Amino acid sequence: MKNIFLILFASCFLTAAIGQVEKGSVLIKNGTVLTITKGNLDNTDVLVKDGKISQIGKNIAAPAGIKVIDATGLFVMPGIIDAHSHIGLDAINEGTNAITPEVWTADAINPFQISIYHALAGGTTTSHALHGSANTIGGQSQTIKHRYGTFDPEVMKMEGAPRTIKFALGENPTGHGRRDGLQPQSRMGVEFIIRQAFSEGKQYMEKWDTYNKNNLIKGFRGMPPAYSLRLETLADILKGKIIVHCHSYRADEINMVLKVFKEFGVKKLVFQHTNEGFKVAPEIAAAGAMASVFADWWQYKLEVYYSTAYNAAILVRNGVITSINSDSPDLIRHLYHEAGKTQKYGGLTDDEALSLITINPAKQLGIESRVGSLEVGKDGDFAIFKNHPLSIYGVPQYSIVDGIVRFDREKDPGDMRLLPDPKETIDVTFHDSDKYHDNCMQGVESLFGSDFNDRKN
Amino acid sequence: MNMRFRGTIIMVVFLLPSWLFAQDDKELAPVTRTYAITNVTIIQGPSRKIDMGTVVVKDGLITAVGKGASIPPEAIVIKADSMFIYAGFIDGLTRAGVTKPKDENKDKIKDPGNPPTDRAGINPQIDVRNFLNPSDKSLEEIRNLGFTVAQVVPYGNLFPGQAAIVFTGSRSADQMVVSSKSAMYSELSGANNVYPATILGVMAKWRDVYRQAVQAKTYEGLYASNRSGLERPAMDRTLEAFYPVIDQRLPVIFKSEKIVDVSRILTLKSDLGFSLIFADLKEGWPIINKIKSSGAKVFLSLDLPDEVKKDDKKDDKKDPKKEEAPKAKTSAQLEKDALDKRKGEAIANYTGQAAGFQKAGVLFGFSGMTAKSKDIPANLRRMIAAGLSEDAALAALTTNPAQLLGLSDRMGSIDNGKMANLVITDKTYFNEKAKIRYVFVDGVMYKMEVKEVKKTDATAKAEIEGSWSTVTQSPQGNSEAKLTFKKDGSSYTGTMSGGMLPAAVDLKDVNLDGTTLTFSYTLNFGGNTIKIDVEVNIDGDTLKGSSTAGTFGSFPTEGTKDPK
């Protein structure tokens, strides 16, 4: 045990000292490789060199000194991806204003949260650290890789992942408006807020375009438009530089967003929750938008009553790129179960079901060229299971990120904290099962009254 | 006194010029400003020692240092045989001597998303000099520890204002100031329920305001070069305060306790490019290289986590009869041992931070912003026990901060021509038994009252009989309660009132073991009864320890005995 600790912590300090993303090499021998995009390969090896998959095939010779994992009898799949999570963040909502696109969850990353390790223990290697849903236009969000062990928040960021941003419709942002006597207080108000923000962003963009154009003229002298990080970010959405992830439940509001986005020419759109997506699946597909859903959560607030566990399957069958997300530090540990539910409710094939937690969320985050399937050239991110991941007997054995084993079921000591609080005394009999509960509205629950705390997102 | 006469006096008092009136309050100036400290071991600086020398101070400056220094006839001579003299210490970041503005503006903000800039915490134009109070008790507290100069900052979040470097003693606020606008202060903390309320908003606002300032400054430059045909730039004191920061003439000093703070601050630095001082750093030990390569200046916190009390010994005491072979530990005990071990390692890491920075060759000073003054000497000794050399510790208190703050020409060592900021101790400063006898601040002598240590019998028990005033810190705030103990034969009984208790309650299991006092009581809380176990250490008329509320955690308890 002691040695395990030493090795683990030595590697942590190494990462911390370097301050750069650590990449590893590993040979995974003789597993059943579920590539997701190119079928299943029996008794196959996967070689990762310096964090990238360099070879997939039979009987690959182990390069000298490389770590070898014997996956005989095991299932090797791409690391699971969660398109909607709030783990690893010190703050989730800047809910004080209806429009806060200037904020960015990357600024709140906390690499010491144990929930990151818990996610790894469930095979999840990448997650979308989303801003919460307290306001209509929330903050920019950050795709993180679960490089648990690093002391550097920067290292958690998935380098090169596209910018994303959170929008929110319905009860959460309108509740916020009603609290302060501000807009939005209704779904109409939400639409207005989005239109207003886009219009202001457009004006800002045009003002700067004009100024920059004039500035090229020799001898031009003039005052530049006043800088605003908020408006600049809205302009970047209009320019297509940011993928919008829109918290939504009802079909009417989904239709509204499709219409408004079309009007402003914003194309990169993923619906989150999409509870009534099954009602408007053809419309979502036609707009080229995508959908991220829960497998079967429902009725935790009024707008989530008209629900079906067939939602994901209906969306998939209608050609919508669909993912299943956790929005929870608990569900993120067993997204493979959540994906499996679509086989019971909707009869999706194995590849379709696994796509919901691999290549599809990768597409929604714009990182499908890097992760989400096992192909040469992609990142060496894996979840290795004993028994098929969609089986109720599936148990994650290893989680590998960039060729580095970050979870190993055989070497899983009880205390995986990286940075214990020197002032905290933990009582061994203290088990706070309510600790992780409702992160989407973290930091603003008190503003909504106590009844809110029982609700889901 | 007849009424008319009294009236006249009142009139005269009101008519007197205010300066005359003010002078009445002041002590008389010393007859001379010349002092000679003789026969003293002079620690001029780290590794610079003169045995049995003399230091002459005149008009606020050091005018002679050495064995043969001649003593001016007007000098007050301090015979400091067997004593040690050091350069006055410098605190890199504190709020000692700074008055907290009364929260007068508590009006509810109509639109929390767009609060007035001052409520948002955007006050970089505010000068800490407006809040200096030379008679603030906190200033005396750090002066009594040997700190003669400190960099002080205003209260507030995000951009609280401009720092100043001040003496820890003086007659007026202005005279306190060694140099003003020494740095712009920032804290990555949010405003209270208004934008920016979280680290998300704080970081965004930092970038937004800074870039607005860059834009305003650029435009002002353009306007200044040729005003004709250009719209007049808007005046904005908030943005103007950033101009010297943008030019890197003024550093930004951040309260940066945690690793994530350091990382966020470095992100801002790389986004915006300003010169940077990390202050009150506590968790820097895992990222020393990152901090080193950033080129930022560093002040390490003088605050350390409390050491773990050794439970084992006490257990042995309680059960002296148990001498059978130790029983196999339960899984809960094993878990507790493992948790305690990690906590101990964590404490050791924080305590060893300074030694780590020394080893890595990073020049650093200290800051006391979040340290309790009375803990500072012990914390320094803990750092030294963890591997920090005494020379490095002294450098971090004297020469290093002088260098980091650009004050080396004036302070940090005992040399001719430097400011007379001095500390005189009866043993070497880092000796546990050392007492400070004199502190000179800007040439003014402060003599410390040295209480003779009462010779107490080591076996004597603490006396708890009587009434105590206690404070327990809990997440709900500080809870003040009265404790009363009575001796009942060989044991004690007690009651408790105040705090969260609607009525006085009897204490259970009151037990005094040497100086360790334990007792418990029950608290009714929302229909539930919670048993609170208290364990405190009695030290004369003070007690210190913790109250444990079952699974809700353990909270620090302190108290003093009420005078009879």
# chains A, B, ... in the order shown; residues from 1 in each chain; ligands from 1

$ residues_around --residues "range 231-233 of chain B" --least-positions-apart "6" --cutoff "9 Å" --atoms "only C-alpha atoms" --output "list in words"
Gly222 and Met223 of chain A; Ala216, Tyr219, Glu220 and Tyr223 of chain B

$ write_last_selection --atoms "C-alpha atoms" --output "PDB file, in the first residue's frame"
ATOM      1  CA  GLY A 222     -10.997  58.579 -33.875  1.00  0.00           C
ATOM      2  CA  MET A 223     -12.230  57.164 -30.640  1.00  0.00           C
TER       3      MET A 223
ATOM      4  CA  ALA B 216      -8.580  54.591 -22.030  1.00  0.00           C
ATOM      5  CA  TYR B 219      -6.725  56.999 -26.211  1.00  0.00           C
ATOM      6  CA  GLU B 220      -5.580  59.603 -23.711  1.00  0.00           C
ATOM      7  CA  TYR B 223      -5.517  62.796 -27.487  1.00  0.00           C
TER       8      TYR B 223
END

$ select_by_dssp --residues "range 134-359 of chain A" --states "strand (DSSP E or B)" --output "count of residues only"
37

$ select_by_dssp --residues "range 63-287 of chain A" --states "helix (DSSP H, G or I)" --output "number ranges by chain"
A: 105-108, 114-121, 153-156, 171-180, 187-215, 229-238, 251-264, 277-279, 281-287

$ closest_atom_pairs --of "chain A" --to "chain B" --cutoff "7 Å" --atoms "only C-alpha atoms" --output "Markdown table"
| residue | atom | partner | partner_atom | distance |
| --- | --- | --- | --- | --- |
| A:Ala16 | CA | B:Ile287 | CA | 6.3 |
| A:Ala17 | CA | B:Ile287 | CA | 6.3 |
| A:Ala91 | CA | B:Thr198 | CA | 6.4 |
| A:Glu94 | CA | B:Thr198 | CA | 6.0 |
| A:Thr96 | CA | B:Gly113 | CA | 4.8 |
| A:Asn97 | CA | B:Gly113 | CA | 4.0 |
| A:Glu102 | CA | B:Ala204 | CA | 5.8 |
| A:Val103 | CA | B:Ala204 | CA | 5.1 |
| A:Trp104 | CA | B:Leu200 | CA | 6.0 |
| A:Thr105 | CA | B:Leu200 | CA | 6.4 |
| A:Asp107 | CA | B:Leu200 | CA | 6.1 |
| A:Ala108 | CA | B:Leu200 | CA | 6.2 |
| A:Asn110 | CA | B:Val260 | CA | 6.7 |
| A:Pro153 | CA | B:Ser263 | CA | 6.8 |
| A:Gly222 | CA | B:Leu230 | CA | 6.2 |
| A:Met223 | CA | B:Glu231 | CA | 6.8 |
| A:Tyr227 | CA | B:Gln212 | CA | 5.7 |
| A:Ser228 | CA | B:Asp208 | CA | 6.4 |
| A:Leu229 | CA | B:Asp208 | CA | 5.5 |
| A:Pro420 | CA | B:Ala346 | CA | 6.1 |
| A:Asp421 | CA | B:Ala346 | CA | 6.9 |
| A:Pro422 | CA | B:Ile347 | CA | 5.1 |
| A:Lys423 | CA | B:Pro305 | CA | 5.9 |
| A:Asp427 | CA | B:Thr551 | CA | 6.8 |
| A:Val428 | CA | B:Lys336 | CA | 6.2 |
| A:Phe430 | CA | B:Thr551 | CA | 5.9 |

$ write_last_selection --atoms "C-alpha atoms" --output "compact mmCIF listing (two decimals), in the first residue's frame"
# COMPACT_ATOMS: atom_id res chain seq x y z
CA ALA A 16 3.08 19.75 -10.63
CA ALA A 17 6.70 20.50 -11.12
CA ALA A 91 -17.97 28.19 -8.62
CA GLU A 94 -22.32 33.85 -11.62
CA THR A 96 -26.15 37.91 -10.38
CA ASN A 97 -26.92 39.11 -13.90
CA GLU A 102 -17.83 37.17 -20.10
CA VAL A 103 -17.34 34.72 -17.26
CA TRP A 104 -15.61 31.43 -17.87
CA THR A 105 -15.61 28.27 -15.78
CA ASP A 107 -11.22 30.40 -14.13
CA ALA A 108 -12.83 28.34 -11.40
CA ASN A 110 -10.18 23.18 -8.85
CA PRO A 153 -5.69 23.92 -12.84
CA GLY A 222 -11.00 58.58 -33.87
CA MET A 223 -12.23 57.16 -30.64
CA TYR A 227 -14.28 47.82 -24.82
CA SER A 228 -16.59 45.29 -23.22
CA LEU A 229 -15.62 41.68 -22.57
CA PRO A 420 -5.70 17.39 2.49
CA ASP A 421 -6.87 20.43 4.40
CA PRO A 422 -4.46 20.82 7.33
CA LYS A 423 -7.21 22.42 9.39
CA ASP A 427 -14.70 12.05 11.47
CA VAL A 428 -14.59 8.49 10.24
CA PHE A 430 -19.38 10.90 9.19

$ atom_distance --atom1 "CA of Lys433 in chain B" --atom2 "CA of Met83 in chain B"
12.9 Å

$ closest_residue --among "B:Arg249, B:Lys181, B:Lys282, B:Arg410" --to "Thr370 in chain B" --atoms "only C-alpha atoms"
B:Lys282

$ closest_atom_pairs --of "range 94-185 of chain A" --to "range 364-372 of chain A" --cutoff "10 Å" --atoms "only C-alpha atoms" --output "JSON lines"
{"residue": "A:Thr125", "atom": "CA", "partner": "A:Val371", "partner_atom": "CA", "distance": 9.8}
{"residue": "A:Thr126", "atom": "CA", "partner": "A:Val371", "partner_atom": "CA", "distance": 8.8}
{"residue": "A:Ser127", "atom": "CA", "partner": "A:Leu365", "partner_atom": "CA", "distance": 9.4}
{"residue": "A:His128", "atom": "CA", "partner": "A:Leu365", "partner_atom": "CA", "distance": 7.7}
{"residue": "A:Gln142", "atom": "CA", "partner": "A:Leu365", "partner_atom": "CA", "distance": 9.5}
{"residue": "A:Thr143", "atom": "CA", "partner": "A:Leu365", "partner_atom": "CA", "distance": 7.4}
{"residue": "A:Met158", "atom": "CA", "partner": "A:Ile367", "partner_atom": "CA", "distance": 9.3}
{"residue": "A:Gly160", "atom": "CA", "partner": "A:Ile367", "partner_atom": "CA", "distance": 8.6}
{"residue": "A:Ala161", "atom": "CA", "partner": "A:Ile367", "partner_atom": "CA", "distance": 6.1}
{"residue": "A:Pro162", "atom": "CA", "partner": "A:Gly366", "partner_atom": "CA", "distance": 6.1}
{"residue": "A:Arg163", "atom": "CA", "partner": "A:Leu365", "partner_atom": "CA", "distance": 8.5}
{"residue": "A:Thr164", "atom": "CA", "partner": "A:Leu365", "partner_atom": "CA", "distance": 7.4}

$ atom_distance --atom1 "CA of Ala64 in chain B" --atom2 "CA of Glu141 in chain B"
29.0 Å

$ closest_residue --among "B:Asp442, B:Asp506, B:Glu449, B:Asp303" --to "Val177 in chain B" --atoms "only C-alpha atoms"
B:Asp442

$ residues_around --residues "Lys58 in chain A" --least-positions-apart "5" --cutoff "10 Å" --atoms "only C-alpha atoms" --output "PyMOL selection string"
chain A and resi 29-31+41-46

$ write_last_selection --atoms "N, CA and C atoms" --output "PDB file, in the first residue's frame"
ATOM      1  N   LYS A  29      -2.877  -4.919 -24.139  1.00  0.00           N
ATOM      2  CA  LYS A  29      -2.750  -6.180 -24.876  1.00  0.00           C
ATOM      3  C   LYS A  29      -4.034  -6.983 -24.863  1.00  0.00           C
ATOM      4  N   ASN A  30      -4.391  -7.479 -26.049  1.00  0.00           N
ATOM      5  CA  ASN A  30      -5.292  -8.617 -26.160  1.00  0.00           C
ATOM      6  C   ASN A  30      -6.694  -8.394 -25.585  1.00  0.00           C
ATOM      7  N   GLY A  31      -7.203  -7.185 -25.726  1.00  0.00           N
ATOM      8  CA  GLY A  31      -8.551  -6.922 -25.229  1.00  0.00           C
ATOM      9  C   GLY A  31      -9.581  -7.012 -26.340  1.00  0.00           C
ATOM     10  N   LEU A  41     -13.172  -5.220 -32.206  1.00  0.00           N
ATOM     11  CA  LEU A  41     -12.030  -6.025 -32.615  1.00  0.00           C
ATOM     12  C   LEU A  41     -11.656  -6.949 -31.470  1.00  0.00           C
ATOM     13  N   ASP A  42     -11.735  -8.266 -31.738  1.00  0.00           N
ATOM     14  CA  ASP A  42     -11.404  -9.220 -30.683  1.00  0.00           C
ATOM     15  C   ASP A  42      -9.899  -9.403 -30.574  1.00  0.00           C
ATOM     16  N   ASN A  43      -9.451  -9.758 -29.398  1.00  0.00           N
ATOM     17  CA  ASN A  43      -8.030 -10.079 -29.132  1.00  0.00           C
ATOM     18  C   ASN A  43      -7.098  -9.109 -29.831  1.00  0.00           C
ATOM     19  N   THR A  44      -7.299  -7.861 -29.555  1.00  0.00           N
ATOM     20  CA  THR A  44      -6.558  -6.817 -30.266  1.00  0.00           C
ATOM     21  C   THR A  44      -5.753  -5.967 -29.281  1.00  0.00           C
ATOM     22  N   ASP A  45      -4.611  -5.472 -29.770  1.00  0.00           N
ATOM     23  CA  ASP A  45      -3.748  -4.609 -28.956  1.00  0.00           C
ATOM     24  C   ASP A  45      -3.917  -3.156 -29.393  1.00  0.00           C
ATOM     25  N   VAL A  46      -3.741  -2.265 -28.422  1.00  0.00           N
ATOM     26  CA  VAL A  46      -3.733  -0.829 -28.746  1.00  0.00           C
ATOM     27  C   VAL A  46      -2.451  -0.237 -28.156  1.00  0.00           C
TER      28      VAL A  46
END

$ residues_around --residues "Lys378 in chain A" --least-positions-apart "2" --cutoff "10 Å" --atoms "only C-alpha atoms" --output "PyMOL selection string"
chain A and resi 48+51-54+78+368-376+380-381+402

$ write_last_selection --atoms "C-alpha atoms" --output "mmCIF file, in the first residue's frame"
data_model
loop_
_atom_site.group_PDB
_atom_site.id
_atom_site.type_symbol
_atom_site.label_atom_id
_atom_site.label_comp_id
_atom_site.auth_asym_id
_atom_site.auth_seq_id
_atom_site.Cartn_x
_atom_site.Cartn_y
_atom_site.Cartn_z
ATOM 1 C CA VAL A 48 -0.291 4.568 -27.177
ATOM 2 C CA GLY A 51 -0.448 10.248 -25.287
ATOM 3 C CA LYS A 52 -1.680 9.368 -28.792
ATOM 4 C CA ILE A 53 -2.936 6.076 -30.206
ATOM 5 C CA SER A 54 -0.209 5.039 -32.617
ATOM 6 C CA PRO A 78 -12.744 5.067 -25.460
ATOM 7 C CA GLU A 368 -14.423 14.456 -31.987
ATOM 8 C CA SER A 369 -11.145 14.539 -33.895
ATOM 9 C CA ARG A 370 -9.320 13.955 -30.617
ATOM 10 C CA VAL A 371 -11.466 11.664 -28.472
ATOM 11 C CA GLY A 372 -14.665 9.619 -28.458
ATOM 12 C CA SER A 373 -13.516 6.622 -30.491
ATOM 13 C CA LEU A 374 -10.504 4.383 -30.739
ATOM 14 C CA GLU A 375 -8.652 5.306 -33.909
ATOM 15 C CA VAL A 376 -4.998 5.795 -34.732
ATOM 16 C CA GLY A 380 -4.926 7.692 -25.646
ATOM 17 C CA ASP A 381 -8.021 7.929 -23.444
ATOM 18 C CA ASP A 402 -3.308 10.646 -22.547
#

$ closest_atom_pairs --of "range 123-201 of chain A" --to "range 255-261 of chain A" --cutoff "9 Å" --atoms "only C-alpha atoms" --output "JSON lines"
{"residue": "A:Glu191", "atom": "CA", "partner": "A:Met256", "partner_atom": "CA", "distance": 7.3}
{"residue": "A:Ile194", "atom": "CA", "partner": "A:Val260", "partner_atom": "CA", "distance": 8.1}
{"residue": "A:Arg195", "atom": "CA", "partner": "A:Val260", "partner_atom": "CA", "distance": 7.1}

$ closest_residue --among "A:Gly319, A:Gly149, A:Gly177, A:Gly189" --to "Val280 in chain A" --atoms "only C-alpha atoms"
A:Gly319

$ atom_distance --atom1 "CA of Asn325 in chain A" --atom2 "CA of Ala295 in chain A"
8.0 Å
